[in-house]
Amino acid sequence: MIQSKSIQRSLQIAQRASRASRAQRRCYRSSNSSRVAVASRSIQSKRATGFLFSITIGGVCLCALGYPTNLNAESVPSPAEVKFEKPRKQATSKEDNRDLISSQHLQVKKSWENPGVYAWGSNAGRVVAPDSQEAFIKTPRRMSYFDGKIIRDIKLDKGFGAAISENGDMLQWGTTYSPTSTGPAITLRGKDLIKITISRDRIIALGSNGTVYSIPAIQADQISGPKPLENTWLPLWKSRSPISYRELQLGNMSWGEKVSHVKSGLEHCLILTSKGRVFSAASGTEDFPTKGQLGIPGLTWTTRPSGHYDQPHEISTLKGFEIERIATGDYHSLALDNQGRVFTFGDNSAGQLGFDPDSESSCIDAPSLLPIDKLYKGTNLRPRVTNVAAGGSNSFFTVDATRIAGQGESDPQGLGRITVDTWSCGQGILGGLGNGRWTHVQGTPTKIKALSGLFEYDEIKNVVIPIRLANLSVGATHAAATMSNVVHLGANNRSSKNDTNWGADVLWWGGNEYYQLGTGKRNNISNPVYIPPMDIQADREKGRREEHRFQITPRQKIKFGGKNVSVEQRIECGRGVTAVYSGT
């Protein structure tokens, strides 16, 4: 009886609590919506945590406030499985040990044992992967045609590619060259070509004897165009060339002078001679240069002299300056003399000439001296430009800045020390300036900090030296810088098993619409970055899972194909495409 009364009293308490709960909920519903949300979240939180208001009597659980009636105890987790690291692969020789401990050593070794061409980027014209229907090649892939081959030069566009074989013949491929193209085919033979450069629709090639050839990029034009007479092995006997091409003849050549370098934009080309003279010519078939990139004021289609439209003209403004290097963008030109002075001319709509654009006239048709000294005003550094590069709407300059005594300095620190800087100007909206900014127009050159003020310790010379740029390849919207850091290629059977080879660092930046940076991703990059090795599978075969960076192999004499050859890896940034190749 007492127990029955106790149960009844407990039930009454529970009923009062339930009525209080309902009254409380009605109160919350009558208040503003935010309080309702808070109450709802509170109840859900209590439910989630398993909070239970209950009264237990005689083994019976009485629940109130609408809380869940079922509670499940969490299962006891099983002990974690202990995994022991697998023993690493044991080296069987010195060379095997070097491959195991160094990705860089393995990269150098592979480049010597199996030379060839890696390419990636846009494959719309079947250029980087002729045997694939993929629109993009996202990471470096070997071109099977060039496996085990060393070439002299290569240039790539989204629609066509051109290369020079080891014996100096020209190869062409891509759907722009021929809609039925399935890979490289020899087009121009027997000219001993050493360099090529491409415009929108022509290829400018340089022979070892200094002859400059202009060849149509399209096979149909090669077949239908005028074919010149060529000398044969029979004396006084000539035959027609199998394809159409023109020789670009330079006038007033002095004794011993010959062409040493050629560079081309979309419509024009620059030709540099061994005497430091510069000529310019039209390099396209459809359009005559109109943006001042020829460097000859007043020269237009209507004012051109008699003769063929692509005849070379000497840039008279540069007479008296011994030009050492030339560079071309799409519609602008650069020339560097032996005193470190830079002259720019052509289109300046994005500031690519190193001057702020003029809204009334975006072109400068005469070579203009770039005031590099202003970039170092007040720094006690004397600049000297050592190299120039260009591509698309961008220009780049590398500068040796020497520490000099300032006014009033009696004992200056670091006198004579050289700091190496890299500067850029032009269009940076896709990250092409490499300075970490996304700038539409950059007239005044801006410093690329990732490539400037770098030093390293030379263990052989026991001295700190600046790190320069060995090469700068610039495409339409992206670029790659090969560093001139200390390299080592002397590991051999007589040296230690831990003596490894390593190459030069390479950094990439700019537009990445077609995956041309080789990162495997499509985002543009405004700061120089490293990319993985060309042959990642080789690293995986050695048991390496951590990320390594690509290093390029500098020039070295190796035994290949039964003969000694001097070979190096080079980078070619084209228009939406990129290649790394083994070149002589």
# chains A, B, ... in the order shown; residues from 1 in each chain; ligands from 1
>>> select_by_dssp(residues="stretch 160-312 of chain A", states="strand (DSSP E or B)", output="PyMOL selection string")
chain A and resi 161-164+170-173+185-188+193-198+202-207+212-216+229-231+238-240+246-247+259-264+268-273+278-282
>>> closest_atom_pairs(of="stretch 106-193 of chain A", to="stretch 227-238 of chain A", cutoff="12 Å", atoms="only C-alpha atoms", output="JSON lines")
{"residue": "A:Leu188", "atom": "CA", "partner": "A:Lys227", "partner_atom": "CA", "distance": 11.8}
{"residue": "A:Arg189", "atom": "CA", "partner": "A:Glu230", "partner_atom": "CA", "distance": 11.3}
{"residue": "A:Gly190", "atom": "CA", "partner": "A:Glu230", "partner_atom": "CA", "distance": 10.4}
{"residue": "A:Lys191", "atom": "CA", "partner": "A:Glu230", "partner_atom": "CA", "distance": 10.6}
>>> residues_around(residues="stretch 528-538 of chain A", least_positions_apart="5", cutoff="7 Å", atoms="only C-alpha atoms", output="list in words")
Pro140, Gly434, Ala450, Val506, Leu507, Trp508, Trp509, Gly518, Thr519, His548, Arg549 and Phe550 of chain A
>>> closest_residue(among="A:Glu324, A:Val342, A:Leu248, A:Asp365", to="A:Val399", atoms="only C-alpha atoms")
A:Val342
>>> residues_around(residues="A:Gln556", least_positions_apart="3", cutoff="9 Å", atoms="only C-alpha atoms", output="list in words")
Leu489, Thr553, Val565, Ser566, Val567 and Glu568 of chain A
>>> write_last_selection(atoms="N, CA and C atoms", output="PDB file, in the first residue's frame")
ATOM      1  N   LEU A 489      78.078  17.287 -61.769  1.00  0.00           N
ATOM      2  CA  LEU A 489      77.867  16.200 -62.730  1.00  0.00           C
ATOM      3  C   LEU A 489      79.047  15.238 -62.760  1.00  0.00           C
ATOM      4  N   THR A 553      69.190  19.272 -66.619  1.00  0.00           N
ATOM      5  CA  THR A 553      70.571  18.820 -66.718  1.00  0.00           C
ATOM      6  C   THR A 553      71.379  19.764 -67.596  1.00  0.00           C
ATOM      7  N   VAL A 565      79.039  12.959 -77.435  1.00  0.00           N
ATOM      8  CA  VAL A 565      78.245  14.118 -77.826  1.00  0.00           C
ATOM      9  C   VAL A 565      78.118  15.063 -76.635  1.00  0.00           C
ATOM     10  N   SER A 566      78.022  16.356 -76.935  1.00  0.00           N
ATOM     11  CA  SER A 566      77.784  17.368 -75.923  1.00  0.00           C
ATOM     12  C   SER A 566      76.293  17.673 -75.930  1.00  0.00           C
ATOM     13  N   VAL A 567      75.634  17.431 -74.819  1.00  0.00           N
ATOM     14  CA  VAL A 567      74.166  17.525 -74.777  1.00  0.00           C
ATOM     15  C   VAL A 567      73.729  18.244 -73.510  1.00  0.00           C
ATOM     16  N   GLU A 568      72.599  18.927 -73.585  1.00  0.00           N
ATOM     17  CA  GLU A 568      72.002  19.585 -72.433  1.00  0.00           C
ATOM     18  C   GLU A 568      70.490  19.562 -72.570  1.00  0.00           C
TER      19      GLU A 568
END
>>> select_by_dssp(residues="stretch 226-393 of chain A", states="helix (DSSP H, G or I)", output="NGL selection string")
:A and (316-318 or 372-376)
>>> atom_distance(atom1="atom CA of A:Asp400", atom2="atom CA of A:Tyr331")
27.4 Å
